[in-house]
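Reviewing the structure listed below.
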Number of protein chains: 2
Amino acid sequence: MAGKVAERRAALRENLVLIAERTIADHGLTALRARDLASEAGCAVGAIYNVFGDLTDLVLTVNARTFHRLGVDVTEALADAPQDPVEQLVVMAQAYHRFAAENHQSWRALFDVERAPGEAAPDWYLEEMGRLFTYISAPLAVIFPDRDSQEHALLTRALFSSVHGIVLLGLDEASAGVPSDDIDRMIALVLRQLAVSQE
Amino acid sequence: MAGKVAERRAALRENLVLIAERTIADHGLTALRARDLASEAGCAVGAIYNVFGDLTDLVLTVNARTFHRLGVDVTEALADAPQDPVEQLVVMAQAYHRFAAENHQSWRALFDVERAPGEAAPDWYLEEMGRLFTYISAPLAVIFPDRDSQEHALLTRALFSSVHGIVLLGLDEASAGVPSDDIDRMIALVLRQLAVSQE
DNA sequence: CCCTCAGTTGAACGTGGTTCAGTTATAGGA
DNA sequence: TCCTATAACTGAACCACGTTCAACTGAGGG
């Protein structure tokens with residue numbers, strides 16, 4: 001019976017990730033508790049720590065999956081987008097918005113994990129981020145053929161951050177409910193403004 | 001000796017706010033602990049709860065002060081700004097950036113307090129926010145004289161959110177160090193882009 | 001001087017993450 | 001098949017917090 005242990009370990013790991021994913025999606029990051037997790041998974045609390053270093057590790061694993069789903073959604077939106085580069089940006093940004101709205105708690109968890117100070121961002125984060133940046137960069141190069149790549153990089157980051165900010169504050173309850181359509185409108189306002197000068 | 005009690009209460013309140021303010025500024029929101037606070041203030045833990053409903057109340061009080069300082073900084077920057085409306089926006093945004101950078105932990109605390117779900121944002125938040133929005137709205141009305149007020153409101157919110165996003169992700173360590181100058185450049189890129197079409 | 005009661009105290013409670021000594025199960029060799 | 005070293009698993013216990021509340025203190029009025 002070789003690998004029986006590793007098998008169970010893997011099964012437990014998978015199970016914990018799924019339960020954590022559902023808990024976060026349904027009730028938010030703060031609803032994730034070691035004891036509840038163990039009881040739902042049918043294991044002891046200690047078992048969690050045989051598979052993950054701590055709960056943050058588990059959350060980071062869930063976040064990697066969330067971030068990946070986000071990437072897939074944006075990619076799919078881009079595939080259906082028109083040729084016009086500005087509209088491609090708008091479509092991607094609105095896909096980002098839609099993902100955040102439809103997966104609000106999971107999306108928030110992406111940013112609410114407390115990273116240990118001085119801790120580098122995990123690889124999957126940088127990779128997935130790089131992928132998104134590539135998608136943004138391509139239409140920008142078409143819109144601004146005269147600018148150099150350093151400026152493209154800066155503008156890429158700036159646009160991503162802008163859209164992120166609009167979605168973040170738009171979905172925040174403290175702002176007391178910005179309608180979803182208004183968020184899309186704000187995204188379009190900022191992004192289309194880019195194009196005006198190039199017409 | 002009438003009012004002696006109220007006097008001590010007020011003094012304790014003031015003292016707690018100052019200690020909390022310094023603790024948050026120096027070590028972040030997570031470093032704020034009831035026992036440490038009491039020990040620093042020379043009172044019992046329970047005394048804190050005679051003056052504030054809970055620690056979140058105290059943090060909100062500190063946040064109100066932080067938000068007010070932010071407003072003052074932006075106002076002062078605006079006073080020294082050139083007449084050009086786009087440059088006014090840039091100056092305000094960069095003042096926002098500088099405040100966030102120089103008061104990183106206090107600034108983060110503004111957004112990291114967990115608001116009870118369904119709880120409305122406090123009045124001071126909405127007021128101060130409204131003041132910032134007014135500052136942004138005025139130059140916009142000059143830049144876009146043809147658009148209606150609803151569009152101005154949307155654009156105001158969009159620009160604030162964009163700048164906030166750029167600063168937020170720029171100062172975030174997970175993004176692995178965006179130089180301060182680059183953040184200012186990104187702000188200028190996005191905001192100046194607005195003007196190009198109006199020239 | 002005593003009584004009353006608001007203010008104050010800090011030990012104790014509840015909740016949560018994390019640990020670890022004791023127990024159980026596994027794998028590999030005899 | 002049985003035995004043993006080793007790894008995994010268990011859950012009670014530990015620690016760190018925010019928060020509470022029964023007991024204590026002292027100021028002001030009678």
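In the structure tokens, chains take the letters A, B, ... in the order shown, each chain's residues start at 1, and ligands count up from 1 in the order shown.
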
- Query: Can you tell me, as a PyMOL selection string, what residues are no more than 9 Å from Glu119 in chain B when counting only C-alpha atoms (C1' of nucleotides), ignoring any on the same chain fewer than 3 positions away?
  - Reply: (chain A and resi 173-174) or (chain B and resi 115-116+122)

If you keep C-alpha atoms, can you produce a file of those selected residues as a compact mmCIF listing (two decimals), in the first residue's frame?
# COMPACT_ATOMS: atom_id res chain seq x y z
CA GLU A 173 -20.54 49.51 1.46
CA ALA A 174 -19.09 52.56 3.21
CA ARG B 115 -17.09 48.17 9.83
CA ALA B 116 -19.94 46.19 11.30
CA PRO B 122 -20.01 57.80 10.18

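The residues of chain C lying at most 10 Å from chain A, with only C-alpha atoms (C1' of nucleotides) taken into account, are DG16, DG17, DT18, DT19, DC20, DA25, DT26 and DA27 of chain C.
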
Residues of chain D that have any atom at most 9 Å from an atom of chain A: could you tabulate them with the shortest-distance atom pair and the distance in Å to one decimal, using only C-alpha atoms (C1' of nucleotides), ordered by chain and increasing number, as a Markdown table?
| residue | atom | partner | partner_atom | distance |
| --- | --- | --- | --- | --- |
| D:DA8 | C1' | A:Asn50 | CA | 8.1 |
| D:DC9 | C1' | A:Ala47 | CA | 6.5 |
| D:DT10 | C1' | A:Ala44 | CA | 6.1 |
| D:DG11 | C1' | A:Ala44 | CA | 6.9 |

Report the closest atom pair, with its distance in Å rounded to one decimal, for each residue of chain B that has an atom no farther than 7 Å from chain A; count only C-alpha atoms, sort by chain and then rising residue number, and write it as a Markdown table.
| residue | atom | partner | partner_atom | distance |
| --- | --- | --- | --- | --- |
| B:Ala120 | CA | A:Ala174 | CA | 6.6 |
| B:Ala121 | CA | A:Ala174 | CA | 5.2 |
| B:Leu154 | CA | A:Met186 | CA | 6.3 |
| B:Leu155 | CA | A:Met186 | CA | 6.5 |
| B:Ala158 | CA | A:Met186 | CA | 5.4 |
| B:Ser161 | CA | A:Gly165 | CA | 4.8 |
| B:Ser162 | CA | A:Ser162 | CA | 3.7 |
| B:Val163 | CA | A:Ser162 | CA | 6.5 |
| B:His164 | CA | A:Gly165 | CA | 6.0 |
| B:Gly165 | CA | A:Gly165 | CA | 3.9 |
| B:Ile166 | CA | A:Ser161 | CA | 4.8 |
| B:Leu169 | CA | A:Ser161 | CA | 6.4 |
| B:Ala174 | CA | A:Ala121 | CA | 5.1 |
| B:Met186 | CA | A:Ala158 | CA | 5.4 |
| B:Gln193 | CA | A:Leu194 | CA | 6.2 |
| B:Leu194 | CA | A:Gln193 | CA | 6.2 |
| B:Val196 | CA | A:Ser197 | CA | 5.8 |
| B:Ser197 | CA | A:Ser197 | CA | 5.0 |

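In this model, the gap between CA of Asp73 in chain A and CA of Leu18 in chain A comes to 19.8 Å.
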
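For the residues B:Ala11, B:Ser106, B:Arg65, B:Ile48, ranking by smallest atom-to-atom distance to DG18 in chain D using only C-alpha atoms (C1' of nucleotides) places B:Ile48 first.
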
- Show which residues sit within 10 Å of Val91 in chain A, as a PyMOL selection string. Count only C-alpha atoms (C1' of nucleotides), and ignore same-chain residues fewer than 5 positions away. chain A and resi 74+77-82+85-86+96-97+184+187-188

Selection export as a PDB file, in the first residue's frame, atoms kept: N, CA and C atoms:
ATOM      1  N   VAL A  74     -11.246  37.190 -17.233  1.00  0.00           N
ATOM      2  CA  VAL A  74     -10.788  38.332 -18.020  1.00  0.00           C
ATOM      3  C   VAL A  74     -10.348  37.865 -19.410  1.00  0.00           C
ATOM      4  N   ALA A  77     -13.353  37.206 -21.514  1.00  0.00           N
ATOM      5  CA  ALA A  77     -13.973  38.460 -21.947  1.00  0.00           C
ATOM      6  C   ALA A  77     -13.189  39.061 -23.105  1.00  0.00           C
ATOM      7  N   LEU A  78     -11.880  38.964 -22.998  1.00  0.00           N
ATOM      8  CA  LEU A  78     -11.018  39.533 -24.030  1.00  0.00           C
ATOM      9  C   LEU A  78     -11.222  38.806 -25.371  1.00  0.00           C
ATOM     10  N   ALA A  79     -11.458  37.506 -25.282  1.00  0.00           N
ATOM     11  CA  ALA A  79     -11.641  36.714 -26.499  1.00  0.00           C
ATOM     12  C   ALA A  79     -12.868  37.173 -27.278  1.00  0.00           C
ATOM     13  N   ASP A  80     -13.887  37.631 -26.558  1.00  0.00           N
ATOM     14  CA  ASP A  80     -15.123  38.070 -27.213  1.00  0.00           C
ATOM     15  C   ASP A  80     -15.114  39.563 -27.535  1.00  0.00           C
ATOM     16  N   ALA A  81     -14.025  40.246 -27.202  1.00  0.00           N
ATOM     17  CA  ALA A  81     -13.998  41.703 -27.340  1.00  0.00           C
ATOM     18  C   ALA A  81     -13.807  42.109 -28.795  1.00  0.00           C
ATOM     19  N   PRO A  82     -14.282  43.313 -29.122  1.00  0.00           N
ATOM     20  CA  PRO A  82     -14.052  43.836 -30.475  1.00  0.00           C
ATOM     21  C   PRO A  82     -12.571  44.133 -30.707  1.00  0.00           C
ATOM     22  N   PRO A  85      -8.824  48.676 -29.617  1.00  0.00           N
ATOM     23  CA  PRO A  85      -8.037  48.477 -28.391  1.00  0.00           C
ATOM     24  C   PRO A  85      -8.647  49.131 -27.155  1.00  0.00           C
ATOM     25  N   VAL A  86      -9.252  50.288 -27.315  1.00  0.00           N
ATOM     26  CA  VAL A  86      -9.875  50.935 -26.158  1.00  0.00           C
ATOM     27  C   VAL A  86     -11.028  50.078 -25.656  1.00  0.00           C
ATOM     28  N   TYR A  96     -13.409  42.525 -14.967  1.00  0.00           N
ATOM     29  CA  TYR A  96     -12.819  42.595 -13.623  1.00  0.00           C
ATOM     30  C   TYR A  96     -13.881  43.024 -12.618  1.00  0.00           C
ATOM     31  N   HIS A  97     -14.616  44.040 -12.990  1.00  0.00           N
ATOM     32  CA  HIS A  97     -15.695  44.522 -12.128  1.00  0.00           C
ATOM     33  C   HIS A  97     -16.728  43.423 -11.864  1.00  0.00           C
ATOM     34  N   ASP A 184     -19.554  50.618 -14.015  1.00  0.00           N
ATOM     35  CA  ASP A 184     -19.186  50.386 -15.421  1.00  0.00           C
ATOM     36  C   ASP A 184     -19.021  51.700 -16.175  1.00  0.00           C
ATOM     37  N   ILE A 187     -15.712  53.308 -15.228  1.00  0.00           N
ATOM     38  CA  ILE A 187     -14.617  52.612 -15.914  1.00  0.00           C
ATOM     39  C   ILE A 187     -14.522  53.094 -17.363  1.00  0.00           C
ATOM     40  N   ALA A 188     -15.666  53.140 -18.022  1.00  0.00           N
ATOM     41  CA  ALA A 188     -15.678  53.541 -19.429  1.00  0.00           C
ATOM     42  C   ALA A 188     -15.243  54.993 -19.587  1.00  0.00           C
TER      43      ALA A 188
END

- Task: Pull the alpha helix (DSSP H) assignments for chain B out of DSSP run on the backbone, and list those residues as a PyMOL selection string.
- Result: chain B and resi 4-27+34-41+45-51+55-79+85-102+104-112+123-143+149-171+180-196

- Task: Measure the distance from CA of Ala41 in chain B to CA of Glu128 in chain B in Å and round it to one decimal.
- Result: 29.5 Å

- Query: Suppose you want the space between CA of Leu16 in chain A and CA of Trp124 in chain A; what is it in Å?
  - Reply: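 CA of Trp124 in chain A lies 19.6 Å from CA of Leu16 in chain A.
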
- Message: Could you list, as a list in words, every residue within 10 Å of Asp36 in chain B, counting only C-alpha atoms (C1' of nucleotides) and ignoring same-chain residues fewer than 4 positions away?
- Response: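 The neighbour list is Ile19, Ala20, Thr23, Ala31, Leu32, Glu40, Ala41, Gly42 and Val45 of chain B.
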
- Message: Give me the residues near DT25 in chain D as a list in words, where near means some atom within 10 Å (using only C-alpha atoms (C1' of nucleotides)) and where sequence neighbours in that chain fewer than 4 positions away do not count.
- Response: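 The residues satisfying every condition are DG7, DT8 and DT9 of chain C.
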
Those selected residues, please, written with all heavy atoms and delivered as a PDB file, in the first residue's frame.
ATOM      1  P    DG C   7     -20.372  58.314  36.142  1.00  0.00           P
ATOM      2  OP1  DG C   7     -20.091  59.550  35.398  1.00  0.00           O
ATOM      3  OP2  DG C   7     -21.027  57.150  35.484  1.00  0.00           O
ATOM      4  O5'  DG C   7     -19.001  57.822  36.785  1.00  0.00           O
ATOM      5  C5'  DG C   7     -18.339  58.694  37.709  1.00  0.00           C
ATOM      6  C4'  DG C   7     -17.034  58.058  38.127  1.00  0.00           C
ATOM      7  O4'  DG C   7     -17.305  56.968  39.041  1.00  0.00           O
ATOM      8  C3'  DG C   7     -16.220  57.470  36.988  1.00  0.00           C
ATOM      9  O3'  DG C   7     -14.856  57.752  37.260  1.00  0.00           O
ATOM     10  C2'  DG C   7     -16.526  55.983  37.074  1.00  0.00           C
ATOM     11  C1'  DG C   7     -16.678  55.778  38.578  1.00  0.00           C
ATOM     12  N9   DG C   7     -17.533  54.663  38.990  1.00  0.00           N
ATOM     13  C8   DG C   7     -18.783  54.355  38.517  1.00  0.00           C
ATOM     14  N7   DG C   7     -19.308  53.320  39.100  1.00  0.00           N
ATOM     15  C5   DG C   7     -18.326  52.909  40.010  1.00  0.00           C
ATOM     16  C6   DG C   7     -18.318  51.823  40.932  1.00  0.00           C
ATOM     17  O6   DG C   7     -19.208  50.985  41.137  1.00  0.00           O
ATOM     18  N1   DG C   7     -17.121  51.770  41.660  1.00  0.00           N
ATOM     19  C2   DG C   7     -16.083  52.648  41.519  1.00  0.00           C
ATOM     20  N2   DG C   7     -15.019  52.446  42.290  1.00  0.00           N
ATOM     21  N3   DG C   7     -16.084  53.669  40.657  1.00  0.00           N
ATOM     22  C4   DG C   7     -17.231  53.735  39.942  1.00  0.00           C
ATOM     23  P    DT C   8     -13.707  57.289  36.234  1.00  0.00           P
ATOM     24  OP1  DT C   8     -12.597  58.264  36.304  1.00  0.00           O
ATOM     25  OP2  DT C   8     -14.335  56.930  34.952  1.00  0.00           O
ATOM     26  O5'  DT C   8     -13.189  55.959  36.930  1.00  0.00           O
ATOM     27  C5'  DT C   8     -12.624  56.038  38.243  1.00  0.00           C
ATOM     28  C4'  DT C   8     -12.153  54.668  38.659  1.00  0.00           C
ATOM     29  O4'  DT C   8     -13.292  53.829  38.918  1.00  0.00           O
ATOM     30  C3'  DT C   8     -11.301  53.927  37.622  1.00  0.00           C
ATOM     31  O3'  DT C   8     -10.053  53.648  38.227  1.00  0.00           O
ATOM     32  C2'  DT C   8     -12.118  52.675  37.290  1.00  0.00           C
ATOM     33  C1'  DT C   8     -12.975  52.509  38.542  1.00  0.00           C
ATOM     34  N1   DT C   8     -14.289  51.801  38.366  1.00  0.00           N
ATOM     35  C2   DT C   8     -14.541  50.682  39.139  1.00  0.00           C
ATOM     36  O2   DT C   8     -13.744  50.235  39.948  1.00  0.00           O
ATOM     37  N3   DT C   8     -15.764  50.103  38.941  1.00  0.00           N
ATOM     38  C4   DT C   8     -16.752  50.523  38.047  1.00  0.00           C
ATOM     39  O4   DT C   8     -17.813  49.929  37.965  1.00  0.00           O
ATOM     40  C5   DT C   8     -16.418  51.685  37.268  1.00  0.00           C
ATOM     41  C7   DT C   8     -17.408  52.212  36.273  1.00  0.00           C
ATOM     42  C6   DT C   8     -15.210  52.267  37.458  1.00  0.00           C
ATOM     43  P    DT C   9      -8.859  53.018  37.389  1.00  0.00           P
ATOM     44  OP1  DT C   9      -7.603  53.659  37.840  1.00  0.00           O
ATOM     45  OP2  DT C   9      -9.225  53.006  35.972  1.00  0.00           O
ATOM     46  O5'  DT C   9      -8.852  51.540  37.931  1.00  0.00           O
ATOM     47  C5'  DT C   9      -8.852  51.298  39.340  1.00  0.00           C
ATOM     48  C4'  DT C   9      -9.148  49.843  39.595  1.00  0.00           C
ATOM     49  O4'  DT C   9     -10.523  49.594  39.267  1.00  0.00           O
ATOM     50  C3'  DT C   9      -8.334  48.882  38.724  1.00  0.00           C
ATOM     51  O3'  DT C   9      -7.404  48.196  39.547  1.00  0.00           O
ATOM     52  C2'  DT C   9      -9.375  47.955  38.093  1.00  0.00           C
ATOM     53  C1'  DT C   9     -10.636  48.241  38.884  1.00  0.00           C
ATOM     54  N1   DT C   9     -11.910  48.151  38.102  1.00  0.00           N
ATOM     55  C2   DT C   9     -12.856  47.219  38.474  1.00  0.00           C
ATOM     56  O2   DT C   9     -12.707  46.433  39.395  1.00  0.00           O
ATOM     57  N3   DT C   9     -14.012  47.237  37.708  1.00  0.00           N
ATOM     58  C4   DT C   9     -14.293  48.076  36.640  1.00  0.00           C
ATOM     59  O4   DT C   9     -15.355  48.008  36.043  1.00  0.00           O
ATOM     60  C5   DT C   9     -13.254  49.027  36.309  1.00  0.00           C
ATOM     61  C7   DT C   9     -13.454  49.976  35.164  1.00  0.00           C
ATOM     62  C6   DT C   9     -12.124  49.019  37.040  1.00  0.00           C
TER      63       DT C   9
END
